[in-house]
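Below is one structure; the comments refer to it alone.
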Amino acid sequence: MSSVAVALEQSISLFVYRCLACPIAVFGNLIIVILILKSPTMRREKFNILLVQLAAGDVILGLGLGFKALQYLVIPYGGHTTLSCTLLSTPTLLGSYVSQMTMLLIAIDRVVIVKKALVRYRSTYFYILRAMISFGVVFVATVTQFLSLDGSAHIALCSLAMAWHPTYMAIYSFTMPIVNMVVVAFYLYAIWVYKTELQGARTNVTYFYQTVISVILAYSVLSCVPKWVFAILQLANVKHDWVAYVAVSIGITEGANSILNIFVYGFSHRDIRKEIKQYLAQTAKVQPQSTSRRTQ
């Protein structure tokens, strides 16, 4: 295993990054969830349920950053077994799966919207049921990593995928790029339909399209590319140090994506931006009142 990659995983700079990124990702995405759920107007727009699901995945990714930061303080260098490393990386993997599944659902939803198909029957219960099924699927996919795992083996580098069984590694390396490409293909198709059929139309697509484009750009750069590189290296059976570098980078870029999505929601989504402004305005009004009461 590359000593440089091990040094990167154990570096104080990466520890500081995780300590800073964890609360931003967790509390920032929680605010997005709360703003959507507490607003009757935003709850009526069914697409926002998918944004809640995406933000929930980002919250889990943020928690994964926190757990990885704790390893720096709790577990000494070289003290990881494959079991402890897998447990420590599970929130990152679970959050990544939730994000991947939700991005696929959002892509399908955008195509359905722009084609004006299957819109009438989709109730809130349909979206909630779909979210529950999605979480069930990603939970099974996450738990499967523990099958045939030799938990007692010691490893020098604890990073996502480095402690997996070869079979799970092969399945992940094969399926995740396919899921990524399907998501991107759906978005490209939605963009093409939007430009050719709905340009200038005053529909819900107009309101949410800027948000969706921003999300998919962040998703492609920070989530897809590292996984594609990792998959290529694994399928090519490359034994170079780059495998370890990419394994470390996956967790870093996933965390960065979970933070970037907060700003994507806040600045690109009209309704969420409005809710944030109202919340800040109400907070500004409450603070002077509480201060004046204390002086009295």
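Just remember, in the structure tokens the first chain shown is A, the second B, etc., residues are 1-based per chain, and ligands are 1-based in the order shown.
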Contacts of Phe174 in chain A at 9 Å (only C-alpha atoms; same-chain gap of 4+ positions) as a list of chain:residue names:
A:Met169, A:Ala170, A:Ile178, A:Ala231, A:Leu235
Write out as number ranges by chain each polymer residue whose atoms come within 9 Å of Phe15 in chain A, counting only C-alpha atoms; drop sequence neighbours fewer than 6 positions from it.
A: 9, 68-70, 72
Saved selection, atoms kept: N, CA and C atoms, as a compact mmCIF listing (two decimals), in the first residue's frame:
# COMPACT_ATOMS: atom_id res chain seq x y z
N GLU A 9 -4.28 9.89 4.27
CA GLU A 9 -5.43 9.50 5.09
C GLU A 9 -5.21 9.87 6.55
N LYS A 68 -15.08 9.45 10.27
CA LYS A 68 -13.72 9.33 9.78
C LYS A 68 -12.76 10.25 10.53
N ALA A 69 -13.27 11.41 10.97
CA ALA A 69 -12.44 12.31 11.77
C ALA A 69 -12.14 11.69 13.13
N LEU A 70 -13.11 10.97 13.69
CA LEU A 70 -12.91 10.35 15.00
C LEU A 70 -11.82 9.29 14.97
N TYR A 72 -9.09 9.38 13.55
CA TYR A 72 -7.79 10.02 13.72
C TYR A 72 -7.42 10.13 15.20
Residues of range 10-76 of chain A that approach range 159-165 of chain A to 12 Å or less, counting only C-alpha atoms: could you list each one with the shortest pair of atoms and its distance in Å to one decimal, rows by chain and increasing residue number, as JSON lines?
{"residue": "A:Gln10", "atom": "CA", "partner": "A:Ser159", "partner_atom": "CA", "distance": 10.6}
{"residue": "A:Gly64", "atom": "CA", "partner": "A:Leu160", "partner_atom": "CA", "distance": 10.6}
{"residue": "A:Leu65", "atom": "CA", "partner": "A:Ser159", "partner_atom": "CA", "distance": 11.5}
{"residue": "A:Phe67", "atom": "CA", "partner": "A:Ser159", "partner_atom": "CA", "distance": 11.8}
{"residue": "A:Lys68", "atom": "CA", "partner": "A:Ser159", "partner_atom": "CA", "distance": 8.9}
{"residue": "A:Ala69", "atom": "CA", "partner": "A:Ser159", "partner_atom": "CA", "distance": 12.0}
{"residue": "A:Gln71", "atom": "CA", "partner": "A:Ser159", "partner_atom": "CA", "distance": 11.1}
What separation in Å, quoted to one decimal, exists between CA of Glu45 in chain A and CA of Ser214 in chain A?
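One can read the CA of Glu45 in chain A to CA of Ser214 in chain A distance as 19.0 Å.
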